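One structure is given below, encoded as structure tokens.
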Amino acid sequence: MSINFVPNNIPERTIERLSEYRRTLLDCLDKGITHLYSHTLAGIHGITAVQVRRDLMLIGFSSDTKRGYDARVLVEFIGDILDDRNVMNIGVVGMGNIGQAVTGYFTGKRSKLKITAAFDIDPEKVNRTIAGVPCYHFDEFQEKVRKHNIKIILLSSPTSVATTFVEPIIKAGIRGVLNFTSKPLNFPEGIYVEDYDIITLLEKVAYFVKECEALKRK
């Protein structure tokens, strides 16, 4: 279960869009694009310019330039909202296909978020470096969480055993969980949980594909 609290009264969906805006702005800077208008940013993300301006006003960002938003300035401003002052360390529980894929993809993508340790019980994975991250036996979980000052857990274990990790995660003092299993997990207030259920998301996409095809047949 997700514990829905967001500091500073910024809605969860706005937080998500700010992350998406920053990723787009960074891509634009890589291409030599230094300024964007709200309607350009909106078009990239399939929303309205009003929504973009509302999101940025909500975090106190404004721009008077006729050239649009300064991409570099806006990236830094969003970073001040989203990022902690210090690097926030992440641990991965379950280094199967999903765990390895996410670790390999994410490593190096954000300077303020770092995957520092992984955990598994498979002898073929334990005491190895996988996707650039040391993998420890789960028996060492609490010790390594303290050693690496891990605040967030990415849970990618088999769904059948997902609930067994709830209590160790609580006892280790973890503050946030990104749950890649298809099992809703109950955590106490104070631990933020985001469920990422690939099956549900694919079924959602399949539903809208079905509906679109049905409309075309009419």
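Note on naming: chains are A, B, ... as they come in the structure tokens, residues start from 1 per chain, ligands start from 1 in the order shown.
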Set out as CSV a contact list for range 120-209 of chain A and range 86-95 of chain A with a cut-off of 6 Å, giving each residue of range 120-209 of chain A that qualifies its closest atom pair and distance in Å to one decimal, counting only C-alpha atoms, ordered by chain and rising residue number.
```
residue,atom,partner,partner_atom,distance
A:Asp120,CA,A:Gly94,CA,5.1
A:Ile150,CA,A:Asn89,CA,4.7
A:Lys151,CA,A:Asn89,CA,5.9
A:Ile152,CA,A:Ile90,CA,4.8
A:Ile153,CA,A:Gly91,CA,4.9
A:Leu154,CA,A:Val92,CA,4.7
A:Leu155,CA,A:Val93,CA,5.0
A:Ser156,CA,A:Gly94,CA,5.0
A:Ser157,CA,A:Gly94,CA,4.3
```
Requested write-out: C-alpha atoms of the selected residues, as a JSON list (two decimals), in the first residue's frame:
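Written file, result_20.json:
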```
[["chain", "number", "residue", "atom", "x", "y", "z"],
["A", 120, "ASP", "CA", 19.85, -11.84, -2.98],
["A", 150, "ILE", "CA", 20.68, 3.23, 2.34],
["A", 151, "LYS", "CA", 17.38, 5.12, 2.47],
["A", 152, "ILE", "CA", 15.46, 3.58, -0.44],
["A", 153, "ILE", "CA", 14.84, -0.03, -1.45],
["A", 154, "LEU", "CA", 13.97, -1.18, -4.94],
["A", 155, "LEU", "CA", 12.13, -4.46, -4.37],
["A", 156, "SER", "CA", 12.32, -6.80, -7.35],
["A", 157, "SER", "CA", 12.06, -10.17, -5.64]]
```
(message) Can you pull out every residue from range 16-175 of chain A that DSSP, working from the backbone, puts in strand (DSSP E), and format the result as a VMD selection string?
(response) chain A and resid 35 to 36 69 to 70 88 to 93 113 to 120 128 to 130 133 to 137 150 to 155
Next, dump the selected residues to file, keeping only C-alpha atoms, as a PDB file, in the first residue's frame.
```pdb
ATOM      1  CA  HIS A  35      15.356  27.731 -24.161  1.00  0.00           C
ATOM      2  CA  LEU A  36      11.871  26.225 -24.399  1.00  0.00           C
ATOM      3  CA  TYR A  69      12.272  29.010 -20.106  1.00  0.00           C
ATOM      4  CA  ASP A  70      16.035  28.893 -19.670  1.00  0.00           C
ATOM      5  CA  MET A  88      20.637   9.328  -1.424  1.00  0.00           C
ATOM      6  CA  ASN A  89      21.685   5.690  -1.511  1.00  0.00           C
ATOM      7  CA  ILE A  90      19.499   2.903  -2.892  1.00  0.00           C
ATOM      8  CA  GLY A  91      19.550  -0.857  -2.319  1.00  0.00           C
ATOM      9  CA  VAL A  92      18.088  -3.484  -4.633  1.00  0.00           C
ATOM     10  CA  VAL A  93      16.450  -6.568  -3.118  1.00  0.00           C
ATOM     11  CA  LEU A 113      20.598   8.998  -6.409  1.00  0.00           C
ATOM     12  CA  LYS A 114      22.998   6.064  -6.289  1.00  0.00           C
ATOM     13  CA  ILE A 115      22.430   2.304  -6.196  1.00  0.00           C
ATOM     14  CA  THR A 116      25.118   1.208  -3.753  1.00  0.00           C
ATOM     15  CA  ALA A 117      24.206  -2.369  -2.843  1.00  0.00           C
ATOM     16  CA  ALA A 118      22.120  -5.326  -3.962  1.00  0.00           C
ATOM     17  CA  PHE A 119      20.783  -8.300  -2.006  1.00  0.00           C
ATOM     18  CA  ASP A 120      19.846 -11.845  -2.981  1.00  0.00           C
ATOM     19  CA  ARG A 128      29.589 -10.829  -6.939  1.00  0.00           C
ATOM     20  CA  THR A 129      29.477  -7.422  -8.591  1.00  0.00           C
ATOM     21  CA  ILE A 130      26.412  -7.235 -10.825  1.00  0.00           C
ATOM     22  CA  VAL A 133      26.961  -3.016  -7.798  1.00  0.00           C
ATOM     23  CA  PRO A 134      28.134  -5.421  -5.050  1.00  0.00           C
ATOM     24  CA  CYS A 135      25.565  -8.110  -4.273  1.00  0.00           C
ATOM     25  CA  TYR A 136      25.336  -9.356  -0.677  1.00  0.00           C
ATOM     26  CA  HIS A 137      23.404 -12.203   0.898  1.00  0.00           C
ATOM     27  CA  ILE A 150      20.685   3.229   2.342  1.00  0.00           C
ATOM     28  CA  LYS A 151      17.381   5.118   2.474  1.00  0.00           C
ATOM     29  CA  ILE A 152      15.458   3.585  -0.441  1.00  0.00           C
ATOM     30  CA  ILE A 153      14.841  -0.034  -1.451  1.00  0.00           C
ATOM     31  CA  LEU A 154      13.970  -1.181  -4.939  1.00  0.00           C
ATOM     32  CA  LEU A 155      12.129  -4.458  -4.367  1.00  0.00           C
TER      33      LEU A 155
END
```
(request) as a VMD selection string, list the residues of range 25-209 of chain A assigned to helix (DSSP H, G or I) by DSSP on the backbone atoms of this structure. (result) chain A and resid 25 to 30 38 to 45 49 to 58 71 to 82 97 to 106 138 to 148 159 to 171 198 to 209
Could you save the residues just selected, with C-alpha atoms, as a PDB file, in the first residue's frame?
```
ATOM      1  CA  LEU A  25      15.305  19.681 -20.508  1.00  0.00           C
ATOM      2  CA  LEU A  26      18.535  17.721 -20.065  1.00  0.00           C
ATOM      3  CA  ASP A  27      17.975  16.052 -23.446  1.00  0.00           C
ATOM      4  CA  CYS A  28      17.396  19.468 -25.015  1.00  0.00           C
ATOM      5  CA  LEU A  29      20.593  20.846 -23.496  1.00  0.00           C
ATOM      6  CA  ASP A  30      22.490  17.871 -24.926  1.00  0.00           C
ATOM      7  CA  SER A  38       5.740  26.204 -22.137  1.00  0.00           C
ATOM      8  CA  HIS A  39       3.760  25.037 -25.167  1.00  0.00           C
ATOM      9  CA  THR A  40       6.843  23.256 -26.542  1.00  0.00           C
ATOM     10  CA  LEU A  41       7.428  21.445 -23.259  1.00  0.00           C
ATOM     11  CA  ALA A  42       3.728  20.644 -23.066  1.00  0.00           C
ATOM     12  CA  GLY A  43       3.669  19.190 -26.575  1.00  0.00           C
ATOM     13  CA  ILE A  44       6.545  16.842 -25.780  1.00  0.00           C
ATOM     14  CA  HIS A  45       4.673  15.476 -22.759  1.00  0.00           C
ATOM     15  CA  ALA A  49       0.805  24.623 -21.688  1.00  0.00           C
ATOM     16  CA  VAL A  50      -1.484  25.704 -18.855  1.00  0.00           C
ATOM     17  CA  GLN A  51      -0.559  22.546 -16.949  1.00  0.00           C
ATOM     18  CA  VAL A  52       3.157  23.187 -17.433  1.00  0.00           C
ATOM     19  CA  ARG A  53       2.832  26.776 -16.214  1.00  0.00           C
ATOM     20  CA  ARG A  54       0.694  25.666 -13.270  1.00  0.00           C
ATOM     21  CA  ASP A  55       3.276  23.066 -12.220  1.00  0.00           C
ATOM     22  CA  LEU A  56       6.124  25.578 -12.394  1.00  0.00           C
ATOM     23  CA  MET A  57       4.151  28.277 -10.596  1.00  0.00           C
ATOM     24  CA  LEU A  58       3.422  25.743  -7.851  1.00  0.00           C
ATOM     25  CA  ALA A  71      16.566  25.117 -19.709  1.00  0.00           C
ATOM     26  CA  ARG A  72      19.688  25.118 -17.552  1.00  0.00           C
ATOM     27  CA  VAL A  73      18.174  27.419 -14.929  1.00  0.00           C
ATOM     28  CA  LEU A  74      14.986  25.370 -14.821  1.00  0.00           C
ATOM     29  CA  VAL A  75      16.929  22.104 -14.469  1.00  0.00           C
ATOM     30  CA  GLU A  76      18.743  23.539 -11.460  1.00  0.00           C
ATOM     31  CA  PHE A  77      15.515  24.888  -9.978  1.00  0.00           C
ATOM     32  CA  ILE A  78      13.751  21.526 -10.311  1.00  0.00           C
ATOM     33  CA  GLY A  79      16.823  19.864  -8.800  1.00  0.00           C
ATOM     34  CA  ASP A  80      16.522  22.080  -5.726  1.00  0.00           C
ATOM     35  CA  ILE A  81      12.951  20.802  -5.309  1.00  0.00           C
ATOM     36  CA  LEU A  82      13.422  17.110  -6.071  1.00  0.00           C
ATOM     37  CA  ASN A  97      16.149 -10.146 -14.512  1.00  0.00           C
ATOM     38  CA  ILE A  98      14.213  -7.064 -13.382  1.00  0.00           C
ATOM     39  CA  GLY A  99      16.658  -6.151 -10.623  1.00  0.00           C
ATOM     40  CA  GLN A 100      19.652  -6.407 -12.923  1.00  0.00           C
ATOM     41  CA  ALA A 101      17.935  -4.551 -15.763  1.00  0.00           C
ATOM     42  CA  VAL A 102      16.835  -1.637 -13.578  1.00  0.00           C
ATOM     43  CA  THR A 103      20.228  -1.429 -11.860  1.00  0.00           C
ATOM     44  CA  GLY A 104      22.081  -1.423 -15.163  1.00  0.00           C
ATOM     45  CA  TYR A 105      19.755   1.166 -16.662  1.00  0.00           C
ATOM     46  CA  PHE A 106      19.666   3.561 -13.711  1.00  0.00           C
ATOM     47  CA  PHE A 138      20.126 -10.968   2.344  1.00  0.00           C
ATOM     48  CA  ASP A 139      21.277 -12.164   5.771  1.00  0.00           C
ATOM     49  CA  GLU A 140      23.560  -9.105   5.750  1.00  0.00           C
ATOM     50  CA  PHE A 141      20.729  -6.706   4.864  1.00  0.00           C
ATOM     51  CA  GLN A 142      20.489  -4.631   8.041  1.00  0.00           C
ATOM     52  CA  GLU A 143      24.259  -4.439   8.457  1.00  0.00           C
ATOM     53  CA  LYS A 144      24.843  -3.258   4.878  1.00  0.00           C
ATOM     54  CA  VAL A 145      21.920  -0.821   4.999  1.00  0.00           C
ATOM     55  CA  ARG A 146      23.587   0.870   7.954  1.00  0.00           C
ATOM     56  CA  LYS A 147      27.052   0.715   6.402  1.00  0.00           C
ATOM     57  CA  HIS A 148      25.950   2.238   3.079  1.00  0.00           C
ATOM     58  CA  THR A 159       6.146 -11.904  -5.937  1.00  0.00           C
ATOM     59  CA  SER A 160       5.604 -15.122  -3.969  1.00  0.00           C
ATOM     60  CA  VAL A 161       8.104 -14.056  -1.290  1.00  0.00           C
ATOM     61  CA  ALA A 162       7.622 -10.274  -1.407  1.00  0.00           C
ATOM     62  CA  THR A 163       5.822 -10.048   1.936  1.00  0.00           C
ATOM     63  CA  THR A 164       8.748 -11.679   3.750  1.00  0.00           C
ATOM     64  CA  PHE A 165      10.844  -8.577   3.119  1.00  0.00           C
ATOM     65  CA  VAL A 166       8.422  -6.117   4.717  1.00  0.00           C
ATOM     66  CA  GLU A 167       9.548  -6.630   8.314  1.00  0.00           C
ATOM     67  CA  PRO A 168      13.311  -6.522   7.556  1.00  0.00           C
ATOM     68  CA  ILE A 169      12.815  -3.342   5.529  1.00  0.00           C
ATOM     69  CA  ILE A 170      10.949  -1.725   8.429  1.00  0.00           C
ATOM     70  CA  LYS A 171      13.543  -2.821  10.988  1.00  0.00           C
ATOM     71  CA  ILE A 198       4.036  -4.301 -14.877  1.00  0.00           C
ATOM     72  CA  ILE A 199       1.113  -6.707 -15.307  1.00  0.00           C
ATOM     73  CA  THR A 200      -1.435  -4.057 -14.321  1.00  0.00           C
ATOM     74  CA  LEU A 201       0.186  -1.469 -16.569  1.00  0.00           C
ATOM     75  CA  LEU A 202       0.233  -3.832 -19.548  1.00  0.00           C
ATOM     76  CA  GLU A 203      -3.398  -4.739 -18.955  1.00  0.00           C
ATOM     77  CA  LYS A 204      -4.217  -1.023 -18.872  1.00  0.00           C
ATOM     78  CA  VAL A 205      -2.469  -0.487 -22.201  1.00  0.00           C
ATOM     79  CA  ALA A 206      -4.165  -3.572 -23.674  1.00  0.00           C
ATOM     80  CA  TYR A 207      -7.566  -2.260 -22.569  1.00  0.00           C
ATOM     81  CA  PHE A 208      -7.125   1.044 -24.391  1.00  0.00           C
ATOM     82  CA  VAL A 209      -5.803  -0.736 -27.489  1.00  0.00           C
TER      83      VAL A 209
END
```
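Compared by their closest atoms to Gly176 in chain A, and using only C-alpha atoms, the residues A:Val193, A:Pro188, A:Lys218, A:Arg13 rank with A:Val193 nearest.
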